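As provided, start_15.cif (mmCIF, C-alpha atoms) reads as follows.
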```cif
data_run
loop_
_atom_site.label_atom_id
_atom_site.label_comp_id
_atom_site.auth_asym_id
_atom_site.auth_seq_id
_atom_site.Cartn_x
_atom_site.Cartn_y
_atom_site.Cartn_z
CA MET A 1 -15.35 6.93 -6.97
CA HIS A 2 -18.47 4.78 -7.50
CA ASP A 3 -19.19 2.11 -4.97
CA ASN A 4 -19.48 -0.27 -7.88
CA ARG A 5 -16.35 0.85 -9.76
CA LEU A 6 -13.53 -1.59 -9.30
CA PRO A 7 -10.02 -0.56 -8.28
CA ALA A 8 -7.56 -0.11 -11.14
CA PHE A 9 -5.48 -3.21 -10.37
CA THR A 10 -8.51 -5.49 -10.34
CA ARG A 11 -9.83 -4.01 -13.59
CA ALA A 12 -6.47 -4.50 -15.28
CA LYS A 13 -6.15 -8.05 -13.94
CA ILE A 14 -9.63 -9.04 -15.18
CA ALA A 15 -8.97 -7.38 -18.54
CA ARG A 16 -5.77 -9.42 -18.92
CA LEU A 17 -7.55 -12.64 -18.03
CA ALA A 18 -10.35 -11.84 -20.49
CA GLU A 19 -7.91 -11.03 -23.29
CA ASP A 20 -6.15 -14.36 -22.65
CA ALA A 21 -9.46 -16.20 -22.78
CA LEU A 22 -10.47 -14.46 -26.02
CA ARG A 23 -7.11 -15.26 -27.61
CA ARG A 24 -7.09 -18.89 -26.47
CA SER A 25 -10.60 -19.40 -27.83
CA GLN A 26 -9.67 -17.61 -31.09
CA THR A 27 -12.64 -15.29 -30.72
CA VAL A 28 -10.84 -11.92 -30.79
CA GLY A 29 -12.78 -9.57 -33.07
CA VAL A 30 -15.63 -12.04 -33.59
CA PHE A 31 -19.04 -10.57 -32.66
CA PRO A 32 -21.21 -11.54 -30.94
CA THR A 33 -18.41 -13.18 -28.94
CA PRO A 34 -18.85 -16.98 -29.26
CA ILE A 35 -19.21 -17.30 -25.52
CA THR A 36 -19.44 -21.09 -25.34
CA ALA A 37 -16.06 -21.29 -27.11
CA VAL A 38 -14.67 -18.92 -24.47
CA GLN A 39 -16.19 -21.10 -21.75
CA ARG A 40 -14.57 -24.22 -23.23
CA SER A 41 -11.20 -22.47 -23.34
CA LEU A 42 -11.63 -21.77 -19.63
CA GLY A 43 -12.14 -25.45 -18.90
CA ILE A 44 -15.92 -25.40 -18.52
CA GLN A 45 -16.96 -28.96 -19.23
CA ASP A 46 -20.75 -29.01 -19.09
CA ARG A 47 -23.58 -26.60 -19.73
CA ILE A 48 -26.81 -27.80 -18.20
CA ASP A 49 -30.16 -26.40 -19.30
CA MET A 50 -32.09 -25.66 -16.13
CA ARG A 51 -35.45 -25.80 -17.88
CA ASN A 52 -35.02 -29.08 -19.73
CA LEU A 53 -34.70 -31.48 -16.82
CA PRO A 54 -34.66 -35.28 -16.77
CA GLU A 55 -38.20 -36.48 -16.03
CA ALA A 56 -37.26 -38.06 -12.72
CA LEU A 57 -35.79 -34.80 -11.48
CA GLU A 58 -38.44 -32.48 -12.91
CA VAL A 59 -40.87 -33.48 -10.17
CA LYS A 60 -38.28 -32.96 -7.45
CA LYS A 61 -37.14 -29.49 -8.42
CA PRO A 62 -37.22 -26.83 -5.68
CA ARG A 63 -40.09 -24.36 -5.79
CA ILE A 64 -37.68 -21.48 -6.22
CA TRP A 65 -35.96 -23.12 -9.20
CA SER A 66 -37.66 -20.72 -11.63
CA ARG A 67 -36.00 -17.77 -9.88
CA ILE A 68 -32.51 -19.03 -10.73
CA LEU A 69 -31.24 -17.49 -13.97
CA GLY A 70 -27.94 -19.27 -13.98
CA ALA A 71 -25.12 -20.60 -11.88
CA TYR A 72 -21.50 -21.58 -12.16
CA TRP A 73 -20.10 -24.44 -10.13
CA HIS A 74 -16.37 -23.86 -9.93
CA ASP A 75 -15.15 -27.20 -8.65
CA GLU A 76 -17.15 -29.16 -11.21
CA ARG A 77 -16.69 -26.64 -14.05
CA ILE A 78 -20.41 -26.70 -14.85
CA VAL A 79 -22.61 -23.86 -16.06
CA PHE A 80 -26.31 -24.09 -15.22
CA ILE A 81 -28.37 -21.86 -17.48
CA ASP A 82 -32.02 -21.02 -17.99
CA GLN A 83 -32.28 -21.42 -21.75
CA GLU A 84 -35.79 -20.02 -21.75
CA GLN A 85 -34.70 -16.55 -20.70
CA ALA A 86 -34.33 -13.92 -23.41
CA GLU A 87 -31.37 -14.56 -25.70
CA GLN A 88 -29.48 -11.44 -24.64
CA ARG A 89 -30.03 -12.15 -20.97
CA GLN A 90 -28.81 -15.71 -21.50
CA PHE A 91 -25.75 -14.35 -23.29
CA TRP A 92 -24.97 -12.11 -20.32
CA THR A 93 -25.50 -14.97 -17.84
CA ASP A 94 -23.12 -17.17 -19.86
CA ALA A 95 -20.51 -14.39 -19.98
CA HIS A 96 -20.96 -13.83 -16.25
CA ALA A 97 -20.29 -17.55 -15.61
CA ALA A 98 -17.22 -17.44 -17.87
CA SER A 99 -16.01 -14.46 -15.89
CA HIS A 100 -16.31 -16.38 -12.60
CA ALA A 101 -14.29 -19.18 -14.21
CA MET A 102 -11.63 -16.67 -15.31
CA CYS A 103 -11.22 -15.13 -11.86
CA GLY A 104 -9.61 -18.04 -10.02
CA TRP A 105 -9.95 -16.36 -6.61
CA HIS A 106 -13.76 -16.45 -6.88
CA ALA A 107 -13.78 -20.18 -6.17
CA HIS A 108 -12.09 -19.57 -2.82
CA ILE A 109 -14.53 -16.82 -1.88
CA LEU A 110 -17.55 -18.86 -2.97
CA ARG A 111 -16.47 -21.79 -0.82
CA LEU A 112 -17.22 -19.65 2.19
CA ASP A 113 -20.38 -20.48 4.01
CA ASN A 114 -23.24 -18.37 2.70
CA GLU A 115 -24.23 -17.48 6.25
CA ASP A 116 -20.80 -16.14 7.08
CA THR A 117 -20.59 -12.41 7.59
CA LEU A 118 -17.41 -12.55 5.57
CA PHE A 119 -19.10 -14.10 2.56
CA LYS A 120 -21.82 -11.46 2.66
CA ARG A 121 -19.15 -8.78 2.76
CA LEU A 122 -17.19 -10.20 -0.16
CA GLN A 123 -20.04 -11.42 -2.36
CA PRO A 124 -20.97 -8.00 -3.83
CA GLY A 125 -17.34 -7.50 -4.83
CA VAL A 126 -17.24 -10.91 -6.48
CA GLU A 127 -20.42 -10.12 -8.42
CA THR A 128 -19.13 -6.70 -9.50
CA GLU A 129 -15.95 -8.36 -10.75
CA ALA A 130 -17.94 -11.02 -12.62
CA ASN A 131 -20.07 -8.30 -14.24
CA TYR A 132 -16.98 -6.38 -15.25
CA GLY A 133 -15.51 -9.51 -16.81
CA ALA A 134 -18.79 -10.33 -18.55
CA GLY A 135 -18.89 -6.86 -20.11
CA TYR A 136 -15.28 -7.23 -21.21
CA LEU A 137 -15.92 -10.59 -22.89
CA ILE A 138 -19.06 -9.37 -24.68
CA PHE A 139 -17.72 -6.00 -25.84
CA GLN A 140 -14.12 -7.20 -26.04
CA GLY A 141 -12.71 -4.31 -24.05
CA GLY A 142 -11.76 -1.27 -26.09
CA ARG A 143 -12.78 -2.89 -29.40
CA PHE A 144 -16.37 -1.75 -28.88
CA HIS A 145 -15.36 1.86 -28.33
CA ARG A 146 -12.94 1.84 -31.26
CA GLU A 147 -16.02 1.18 -33.37
CA ALA A 148 -18.44 3.35 -31.40
CA LEU A 149 -16.20 6.41 -31.41
CA LYS A 150 -16.34 6.62 -35.20
CA ASP A 151 -19.96 7.66 -34.76
CA GLN A 152 -21.56 10.60 -33.02
CA ILE A 153 -21.58 10.69 -29.23
CA SER A 154 -25.20 9.87 -28.76
CA MET A 155 -27.54 7.23 -27.48
CA ARG A 156 -28.16 6.34 -31.11
CA THR A 157 -24.66 4.85 -31.40
CA PRO A 158 -24.94 2.09 -28.74
CA LEU A 159 -28.57 1.48 -29.72
CA ALA A 160 -27.44 0.86 -33.30
CA LEU A 161 -24.54 -1.39 -32.23
CA CYS A 162 -26.20 -3.59 -29.58
CA SER A 163 -27.43 -6.32 -31.94
CA LYS A 164 -23.96 -6.72 -33.52
CA TYR A 165 -22.52 -7.41 -30.06
CA GLY A 166 -25.43 -9.64 -29.04
CA ALA A 167 -26.09 -7.52 -25.97
CA SER A 168 -29.24 -5.93 -24.64
CA ARG A 169 -29.83 -2.23 -25.17
CA HIS A 170 -29.53 -1.80 -21.42
CA ALA A 171 -26.12 -3.54 -21.21
CA THR A 172 -24.82 -1.73 -24.29
CA LEU A 173 -25.84 1.73 -23.07
CA HIS A 174 -24.25 0.99 -19.70
CA TYR A 175 -20.96 -0.22 -21.23
CA TYR A 176 -20.87 2.66 -23.71
CA VAL A 177 -21.11 5.25 -20.96
CA GLU A 178 -19.01 3.58 -18.27
CA HIS A 179 -15.99 3.18 -20.56
CA HIS A 180 -16.43 6.33 -22.65
CA PRO A 181 -13.38 8.64 -22.87
CA TYR A 182 -15.52 11.84 -22.91
CA ALA A 183 -17.82 13.36 -20.29
CA VAL A 184 -21.00 11.30 -20.65
CA ALA A 185 -23.41 9.91 -18.08
CA LEU A 186 -26.51 7.75 -17.98
CA LEU A 187 -29.52 7.47 -15.71
CA ILE A 188 -31.39 4.18 -15.61
CA ALA A 189 -34.84 4.61 -14.11
CA GLY A 190 -38.09 2.77 -13.56
CA ARG A 191 -41.32 3.05 -15.47
CA TYR A 192 -43.93 4.07 -12.93
CA PRO A 193 -43.87 7.49 -11.27
CA TYR A 194 -44.19 8.12 -7.55
CA ALA A 195 -46.90 10.46 -6.24
CA ASP A 196 -44.47 13.41 -6.54
CA GLY A 197 -44.10 12.85 -10.30
CA SER A 198 -40.58 11.41 -10.14
CA ILE A 199 -39.50 7.97 -11.31
CA PRO A 200 -37.17 5.71 -9.29
CA ILE A 201 -33.52 6.03 -10.35
CA TRP A 202 -32.06 2.53 -10.37
CA ASN A 203 -28.58 3.47 -11.44
CA SER A 204 -26.48 6.50 -12.28
CA VAL A 205 -23.53 5.59 -14.50
CA GLU A 206 -20.77 8.04 -15.33
CA SER A 207 -17.68 7.93 -17.49
CA ALA A 208 -14.47 8.62 -15.55
CA GLU A 209 -14.21 12.04 -17.23
CA PHE A 210 -17.77 13.01 -16.33
CA GLU A 211 -17.29 11.91 -12.74
CA ARG A 212 -14.02 13.80 -12.41
CA ARG A 213 -15.60 17.07 -13.54
CA PHE A 214 -19.24 16.80 -12.49
CA GLY A 215 -19.61 14.02 -9.90
CA ARG A 216 -22.67 11.75 -10.04
CA LEU A 217 -25.36 12.71 -12.55
CA LYS A 218 -28.20 11.80 -10.20
CA ASP A 219 -26.81 14.32 -7.68
CA ARG A 220 -27.04 17.05 -10.32
CA LEU A 221 -30.80 16.69 -10.76
CA PRO A 222 -33.07 19.22 -8.99
CA GLY A 223 -33.72 17.70 -5.56
CA GLY A 224 -31.93 14.54 -6.72
CA LYS A 225 -35.18 13.49 -8.48
CA LEU A 226 -35.85 12.50 -12.06
CA ARG A 227 -39.30 13.93 -12.71
CA ILE A 228 -41.43 12.70 -15.57
CA VAL A 229 -44.38 14.95 -14.79
CA GLU A 230 -43.77 18.43 -16.13
CA THR A 231 -43.28 21.00 -13.37
CA ASN A 232 -40.93 23.92 -12.84
CA ASN A 233 -38.06 21.72 -11.70
CA ALA A 234 -38.39 18.91 -14.22
CA PRO A 235 -35.80 19.65 -16.93
CA LEU A 236 -35.98 16.15 -18.44
CA ALA A 237 -39.73 15.48 -18.18
CA ASP A 238 -40.54 16.51 -21.76
CA ILE A 239 -38.01 14.18 -23.39
CA LEU A 240 -38.86 11.34 -20.99
CA ARG A 241 -42.52 11.58 -22.02
CA ALA A 242 -41.67 11.97 -25.69
CA SER A 243 -39.52 8.82 -25.54
CA HIS A 244 -42.70 6.77 -25.03
CA ASP A 245 -43.74 7.50 -28.61
CA SER A 246 -40.42 7.47 -30.42
CA ILE A 247 -37.73 4.92 -31.22
CA ASP A 248 -35.37 7.73 -32.16
CA PRO A 249 -34.33 9.28 -28.82
CA PRO A 250 -35.79 12.77 -28.32
CA SER A 251 -33.17 15.27 -27.16
CA LYS A 252 -32.75 18.74 -25.70
CA LEU A 253 -30.07 21.07 -24.40
CA ILE A 254 -29.59 21.31 -20.65
CA HIS A 255 -27.02 22.88 -18.31
CA ILE A 256 -25.04 20.97 -15.72
CA PRO A 257 -22.76 22.78 -13.26
CA ASP A 258 -19.21 21.46 -13.01
CA SER A 259 -17.38 21.12 -9.69
CA GLY A 260 -16.30 24.78 -9.95
CA GLY A 261 -19.92 25.91 -10.39
CA ALA A 262 -19.61 26.84 -14.09
CA GLN A 263 -22.67 25.88 -16.15
CA ARG A 264 -21.81 23.53 -19.02
CA ARG A 265 -24.03 22.79 -21.99
CA PHE A 266 -25.08 19.17 -22.41
CA VAL A 267 -27.28 17.31 -24.86
CA ALA A 268 -29.73 15.05 -23.02
CA GLU A 269 -31.44 12.18 -24.82
CA ALA A 270 -34.10 9.80 -23.57
CA PHE A 271 -35.03 6.25 -24.48
CA PHE A 272 -37.80 3.99 -23.18
CA ASN A 273 -37.89 0.21 -23.73
CA GLN A 274 -41.37 -0.33 -22.21
CA TRP A 275 -39.88 -1.23 -18.79
CA THR A 276 -37.04 1.17 -18.20
CA HIS A 277 -36.27 4.82 -18.90
CA PHE A 278 -32.74 5.78 -19.93
CA VAL A 279 -31.36 9.32 -20.04
CA LEU A 280 -27.93 9.92 -21.56
CA VAL A 281 -26.16 13.25 -21.28
CA ALA A 282 -23.09 14.24 -23.31
CA GLU A 283 -21.26 17.56 -23.34
CA GLU A 284 -22.62 19.50 -26.29
CA LYS A 285 -19.25 20.28 -27.88
CA SER A 286 -18.35 16.57 -28.00
CA THR A 287 -21.61 15.63 -29.72
CA ARG A 288 -20.46 17.42 -32.88
CA LEU A 289 -17.82 14.71 -33.41
CA GLY A 290 -18.33 11.53 -35.44
CA ARG A 291 -20.74 10.29 -38.08
CA ARG A 292 -24.46 10.86 -37.63
CA VAL A 293 -26.39 7.71 -36.77
CA ARG A 294 -29.96 7.02 -37.81
CA LEU A 295 -31.98 4.32 -36.13
CA ALA A 296 -34.30 2.19 -38.22
CA SER A 297 -37.87 2.78 -37.13
CA MET B 1 -2.27 -15.38 16.89
CA ALA B 2 -2.04 -15.37 13.09
CA GLU B 3 0.77 -13.38 11.48
CA ALA B 4 -0.32 -10.06 9.97
CA LEU B 5 -0.63 -9.88 6.19
CA GLY B 6 2.14 -7.31 5.80
CA ASP B 7 4.58 -9.49 7.74
CA VAL B 8 3.68 -12.61 5.72
CA LEU B 9 4.28 -10.78 2.45
CA LYS B 10 7.45 -9.07 3.59
CA ARG B 11 8.90 -12.40 4.76
CA ALA B 12 7.94 -14.10 1.48
CA ARG B 13 9.57 -11.37 -0.57
CA ALA B 14 12.73 -11.40 1.55
CA SER B 15 13.02 -15.19 1.32
CA LEU B 16 13.08 -14.86 -2.48
CA GLY B 17 15.62 -12.05 -2.30
CA LEU B 18 13.40 -9.65 -4.21
CA SER B 19 13.06 -5.89 -3.98
CA LEU B 20 9.69 -4.10 -4.06
CA ARG B 21 10.52 -3.01 -7.59
CA ASP B 22 11.21 -6.61 -8.64
CA VAL B 23 7.71 -7.52 -7.45
CA GLU B 24 6.22 -4.51 -9.24
CA ARG B 25 7.85 -5.57 -12.50
CA ALA B 26 6.58 -9.13 -12.15
CA THR B 27 3.06 -8.50 -10.88
CA GLY B 28 2.13 -4.95 -11.88
CA ILE B 29 1.49 -4.04 -8.23
CA ARG B 30 3.06 -0.65 -7.59
CA ASN B 31 5.99 -0.80 -5.20
CA ALA B 32 4.57 2.06 -3.10
CA HIS B 33 1.28 0.18 -2.75
CA LEU B 34 3.07 -3.04 -1.82
CA SER B 35 5.16 -1.15 0.69
CA GLN B 36 1.99 0.20 2.31
CA ILE B 37 0.65 -3.36 2.57
CA GLU B 38 3.89 -4.64 4.07
CA ASN B 39 3.93 -1.76 6.56
CA HIS B 40 0.31 -2.38 7.58
CA THR B 41 -0.96 0.95 6.21
CA ILE B 42 -3.19 -1.06 3.87
CA THR B 43 -4.53 -4.11 5.69
CA LYS B 44 -7.22 -5.37 3.31
CA PRO B 45 -5.98 -5.19 -0.28
CA GLU B 46 -8.08 -6.11 -3.31
CA MET B 47 -8.95 -9.80 -3.61
CA ALA B 48 -7.33 -9.93 -7.07
CA MET B 49 -4.13 -8.40 -5.72
CA LEU B 50 -3.86 -11.02 -2.99
CA TRP B 51 -4.43 -13.68 -5.64
CA GLU B 52 -1.59 -12.28 -7.74
CA LEU B 53 0.77 -12.13 -4.76
CA ALA B 54 -0.16 -15.64 -3.62
CA ALA B 55 0.67 -16.99 -7.07
CA PHE B 56 3.91 -15.01 -7.35
CA TYR B 57 5.27 -15.90 -3.90
CA GLY B 58 3.89 -19.46 -3.96
CA LEU B 59 1.69 -18.80 -0.92
CA ASP B 60 -1.71 -20.24 -0.13
CA TYR B 61 -4.49 -17.78 -1.08
CA ALA B 62 -6.72 -18.85 1.78
CA GLU B 63 -3.87 -18.17 4.22
CA LEU B 64 -3.42 -14.68 2.81
CA LEU B 65 -7.15 -14.03 3.19
CA THR B 66 -6.85 -15.17 6.78
CA ALA B 67 -3.84 -12.93 7.37
CA ALA B 68 -5.84 -10.02 5.94
CA GLY B 69 -8.59 -10.73 8.44
CA LEU B 70 -10.62 -12.43 5.74
CA PRO B 71 -10.68 -16.08 6.83
CA GLY B 72 -10.15 -18.39 3.93
CA GLY B 73 -13.28 -20.40 4.29
CA THR B 74 -11.95 -23.52 5.89
CA ASP B 75 -14.44 -25.35 8.07
CA GLU B 76 -12.38 -24.57 11.14
CA THR B 77 -12.56 -20.82 10.65
CA SER B 78 -16.32 -20.64 10.33
CA GLY B 79 -17.05 -23.25 12.94
CA ARG B 80 -19.70 -24.86 10.75
CA GLN B 81 -19.58 -28.25 9.14
CA ARG B 82 -21.99 -27.58 6.29
CA ARG B 83 -21.02 -28.98 2.95
CA ARG B 84 -19.53 -26.25 0.80
CA MET B 85 -19.91 -25.94 -2.92
CA SER B 86 -18.18 -23.20 -4.84
CA VAL B 87 -21.29 -22.15 -6.74
CA ALA B 88 -21.97 -18.64 -7.98
CA MET B 89 -25.68 -18.13 -8.54
CA ARG B 90 -27.64 -15.49 -10.40
CA ALA B 91 -31.19 -15.31 -9.17
CA MET B 92 -34.14 -13.00 -9.35
CA GLY B 93 -34.26 -11.59 -5.84
CA GLU B 94 -32.30 -12.69 -2.83
CA LEU B 95 -32.45 -16.31 -1.68
CA THR B 96 -32.47 -17.31 1.96
CA PRO B 97 -29.64 -19.63 3.10
CA ALA B 98 -32.20 -22.46 3.33
CA GLN B 99 -33.33 -21.83 -0.25
CA GLN B 100 -29.72 -21.71 -1.42
CA ASP B 101 -29.05 -25.05 0.27
CA GLU B 102 -32.09 -26.56 -1.40
CA VAL B 103 -30.94 -25.34 -4.82
CA LEU B 104 -27.37 -26.53 -4.26
CA ARG B 105 -28.56 -30.01 -3.23
CA TYR B 106 -30.70 -30.19 -6.35
CA MET B 107 -27.82 -29.02 -8.56
CA ALA B 108 -25.63 -31.78 -7.13
CA GLU B 109 -28.31 -34.33 -7.99
CA LEU B 110 -28.69 -32.89 -11.47
CA ARG B 111 -24.95 -32.95 -12.00
CA ALA B 112 -24.77 -36.59 -10.91
CA ARG B 113 -27.59 -37.47 -13.32
CA VAL B 114 -26.07 -35.62 -16.28
CA ARG B 115 -22.52 -36.86 -15.70
CA GLY B 116 -23.75 -40.38 -15.07
CA ALA B 117 -25.82 -40.45 -18.26
#
```
In structure tokens, what does this structure look like?
Amino acid sequence: MHDNRLPAFTRAKIARLAEDALRRSQTVGVFPTPITAVQRSLGIQDRIDMRNLPEALEVKKPRIWSRILGAYWHDERIVFIDQEQAEQRQFWTDAHAASHAMCGWHAHILRLDNEDTLFKRLQPGVETEANYGAGYLIFQGGRFHREALKDQISMRTPLALCSKYGASRHATLHYYVEHHPYAVALLIAGRYPYADGSIPIWNSVESAEFERRFGRLKDRLPGGKLRIVETNNAPLADILRASHDSIDPPSKLIHIPDSGGAQRRFVAEAFFNQWTHFVLVAEEKSTRLGRRVRLAS
Amino acid sequence: MAEALGDVLKRARASLGLSLRDVERATGIRNAHLSQIENHTITKPEMAMLWELAAFYGLDYAELLTAAGLPGGTDETSGRQRRRMSVAMRAMGELTPAQQDEVLRYMAELRARVRGA
């Protein structure tokens, strides 16, 4: 199991809370999810713009203020948000705050002293839960996949749907793969190569089915490295480089061994958003399902 | 010495006259899992599970955290007297405790200004 995958009970509990919040705010099936309506239904009373400060306080702001993207103050039911950040990032930050408000136990954890060992141990879990809840509120649980699964299993599908859901391409690709019923996986990697021609892998995301049969995708790469410079052991380098010049994800066939050692055929696709490389792999036989998707150039 | 989590939960369930299956039906927590918690096989259950059990049995969540070896964040347990604010922050990069304090103080001032306006 992933370190960042939540236990089943917690996932189900957060999903229930999110469904309640969507129903109470009458936003079920409305996309992008009207997140401020969800926040209001959760009792959030104020939303303070962190960049538009009263004059008297502007001069007193801490030097690190610009590094804060957002915050949620449980006891006061206030969201602080940087309204100058990109719209999709702001949307995610708002959903993340709503998720903290939904998970009543977060207030108790957050009351712990930040220097406590305990707080440091629990904080990553709290953040993972808030991210899970944020994803649920934005993509409205299985509703996203009910739509996505009508189309081909491909990177093109989440890339075509992200604007409808108000989410970034990054968040949509991640959600698409993490909750996909078939064997699909995603690598999220940096832009600049190391001296050995590989790029830093920031995250390896797998659907439950992929993980059950193949383990972590990053562990299936030659030497555990994602190479962008073409060498003998760089099966994805050509599509990674081609993705720099194409909006439509370049693809190729690759083989990935399953846990029994049998080689399985996968379609690998690459996408580059000027900062981050994404590689999605899907079992070849499953990619024949669904409607073809074309991305506008 | 504080009572162990399993004992607290077992006592709470018994006082309500409920079986493990009754609790499973009401909370969605599998009876086998709950049994393992009550028998100390599982000593640190999920935070959300403790929350559910606290609500169902009418127990204090902080006390359950304490019983699970996760002190509930009262001033006494940490030994510090710093003012606590239940604020979740998203920041670019990690903030030092001193930076967090500075931001929290400023947020309190901002809140007072906005609410007072």
Return the neighbours of chain B among the residues of chain A, cut-off 9 Å, counting only C-alpha atoms, as an mmCIF file with C-alpha atoms, in the coordinates of the input.
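Output below, filename selection-v3.cif:
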```cif
data_model
loop_
_atom_site.group_PDB
_atom_site.id
_atom_site.type_symbol
_atom_site.label_atom_id
_atom_site.label_comp_id
_atom_site.auth_asym_id
_atom_site.auth_seq_id
_atom_site.Cartn_x
_atom_site.Cartn_y
_atom_site.Cartn_z
ATOM 1 C CA PRO A 7 -10.020 -0.560 -8.280
ATOM 2 C CA PHE A 9 -5.480 -3.210 -10.370
ATOM 3 C CA THR A 10 -8.510 -5.490 -10.340
ATOM 4 C CA LYS A 13 -6.150 -8.050 -13.940
ATOM 5 C CA ILE A 14 -9.630 -9.040 -15.180
ATOM 6 C CA ASP A 46 -20.750 -29.010 -19.090
ATOM 7 C CA ILE A 48 -26.810 -27.800 -18.200
ATOM 8 C CA LEU A 53 -34.700 -31.480 -16.820
ATOM 9 C CA PRO A 54 -34.660 -35.280 -16.770
ATOM 10 C CA LEU A 57 -35.790 -34.800 -11.480
ATOM 11 C CA LYS A 60 -38.280 -32.960 -7.450
ATOM 12 C CA LYS A 61 -37.140 -29.490 -8.420
ATOM 13 C CA PRO A 62 -37.220 -26.830 -5.680
ATOM 14 C CA ILE A 64 -37.680 -21.480 -6.220
ATOM 15 C CA TRP A 65 -35.960 -23.120 -9.200
ATOM 16 C CA SER A 66 -37.660 -20.720 -11.630
ATOM 17 C CA ARG A 67 -36.000 -17.770 -9.880
ATOM 18 C CA ILE A 68 -32.510 -19.030 -10.730
ATOM 19 C CA LEU A 69 -31.240 -17.490 -13.970
ATOM 20 C CA GLY A 70 -27.940 -19.270 -13.980
ATOM 21 C CA ALA A 71 -25.120 -20.600 -11.880
ATOM 22 C CA TYR A 72 -21.500 -21.580 -12.160
ATOM 23 C CA TRP A 73 -20.100 -24.440 -10.130
ATOM 24 C CA HIS A 74 -16.370 -23.860 -9.930
ATOM 25 C CA ASP A 75 -15.150 -27.200 -8.650
ATOM 26 C CA GLU A 76 -17.150 -29.160 -11.210
ATOM 27 C CA ILE A 78 -20.410 -26.700 -14.850
ATOM 28 C CA PHE A 80 -26.310 -24.090 -15.220
ATOM 29 C CA THR A 93 -25.500 -14.970 -17.840
ATOM 30 C CA ALA A 97 -20.290 -17.550 -15.610
ATOM 31 C CA HIS A 100 -16.310 -16.380 -12.600
ATOM 32 C CA CYS A 103 -11.220 -15.130 -11.860
ATOM 33 C CA GLY A 104 -9.610 -18.040 -10.020
ATOM 34 C CA TRP A 105 -9.950 -16.360 -6.610
ATOM 35 C CA HIS A 106 -13.760 -16.450 -6.880
ATOM 36 C CA ALA A 107 -13.780 -20.180 -6.170
ATOM 37 C CA HIS A 108 -12.090 -19.570 -2.820
ATOM 38 C CA ILE A 109 -14.530 -16.820 -1.880
ATOM 39 C CA LEU A 110 -17.550 -18.860 -2.970
ATOM 40 C CA ARG A 111 -16.470 -21.790 -0.820
ATOM 41 C CA LEU A 112 -17.220 -19.650 2.190
ATOM 42 C CA ASP A 113 -20.380 -20.480 4.010
ATOM 43 C CA ASN A 114 -23.240 -18.370 2.700
ATOM 44 C CA GLU A 115 -24.230 -17.480 6.250
ATOM 45 C CA ASP A 116 -20.800 -16.140 7.080
ATOM 46 C CA LEU A 118 -17.410 -12.550 5.570
ATOM 47 C CA PHE A 119 -19.100 -14.100 2.560
ATOM 48 C CA LEU A 122 -17.190 -10.200 -0.160
ATOM 49 C CA GLY A 125 -17.340 -7.500 -4.830
ATOM 50 C CA VAL A 126 -17.240 -10.910 -6.480
ATOM 51 C CA GLU A 127 -20.420 -10.120 -8.420
#
```
* Expressed in Å to a single decimal, how great is the separation between atom CA of A:Glu284 and atom CA of A:Leu253? -> 7.8 Å
* For atom CA of A:Gly141 and atom CA of A:Ala86, the interatomic separation in Å (one decimal) ->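 If I compute the distance from atom CA of A:Gly141 to atom CA of A:Ala86, I get 23.7 Å.
Going from atom CA of B:Asn31 over to atom CA of B:Arg11, you cover 15.6 Å.
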* Go through A:Ser207, A:Thr27, A:Asn131, A:Gln140 and flag the residue nearest A:Trp92, using all atoms listed in the file for the distances. =>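 Among the listed residues, the smallest separation from A:Trp92 belongs to A:Asn131.
Residues lying within 7 Å of (-11.6, -23.3, -28.8). Counted over only C-alpha atoms, they are Arg24, Ser25, Gln26, Ala37, Val38, Arg40 and Ser41 of chain A.
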* Just the residues within 12 Å of stretch 37-41 of chain B, please, counting only C-alpha atoms, with nothing from its chain fewer than 6 positions along; format it as a PyMOL selection string. => chain B and resi 3-14+20+29-31+49-50+53+67-68
The selected residues should be written to file as a short mmCIF file (atom, residue, chain, number, x, y, z; two decimals), in the frame of the given file (atoms: C-alpha atoms).
```cif
data_model
loop_
_atom_site.label_atom_id
_atom_site.label_comp_id
_atom_site.auth_asym_id
_atom_site.auth_seq_id
_atom_site.Cartn_x
_atom_site.Cartn_y
_atom_site.Cartn_z
CA GLU B 3 0.77 -13.38 11.48
CA ALA B 4 -0.32 -10.06 9.97
CA LEU B 5 -0.63 -9.88 6.19
CA GLY B 6 2.14 -7.31 5.80
CA ASP B 7 4.58 -9.49 7.74
CA VAL B 8 3.68 -12.61 5.72
CA LEU B 9 4.28 -10.78 2.45
CA LYS B 10 7.45 -9.07 3.59
CA ARG B 11 8.90 -12.40 4.76
CA ALA B 12 7.94 -14.10 1.48
CA ARG B 13 9.57 -11.37 -0.57
CA ALA B 14 12.73 -11.40 1.55
CA LEU B 20 9.69 -4.10 -4.06
CA ILE B 29 1.49 -4.04 -8.23
CA ARG B 30 3.06 -0.65 -7.59
CA ASN B 31 5.99 -0.80 -5.20
CA MET B 49 -4.13 -8.40 -5.72
CA LEU B 50 -3.86 -11.02 -2.99
CA LEU B 53 0.77 -12.13 -4.76
CA ALA B 67 -3.84 -12.93 7.37
CA ALA B 68 -5.84 -10.02 5.94
#
```
* **Explicit residue set for the PyMOL selection byres ((chain A and resi 148-159) around 8), as number ranges by chain** => A: 144-147, 160-162, 169, 172-173, 176, 248-249, 269, 280, 282, 286-295
* 10 Å contact set for stretch 235-238 of chain A, only C-alpha atoms, chain neighbours under 3 positions out, as a PyMOL selection string -> chain A and resi 197-198+221-222+226-232+241-243+250-255+268-270+279
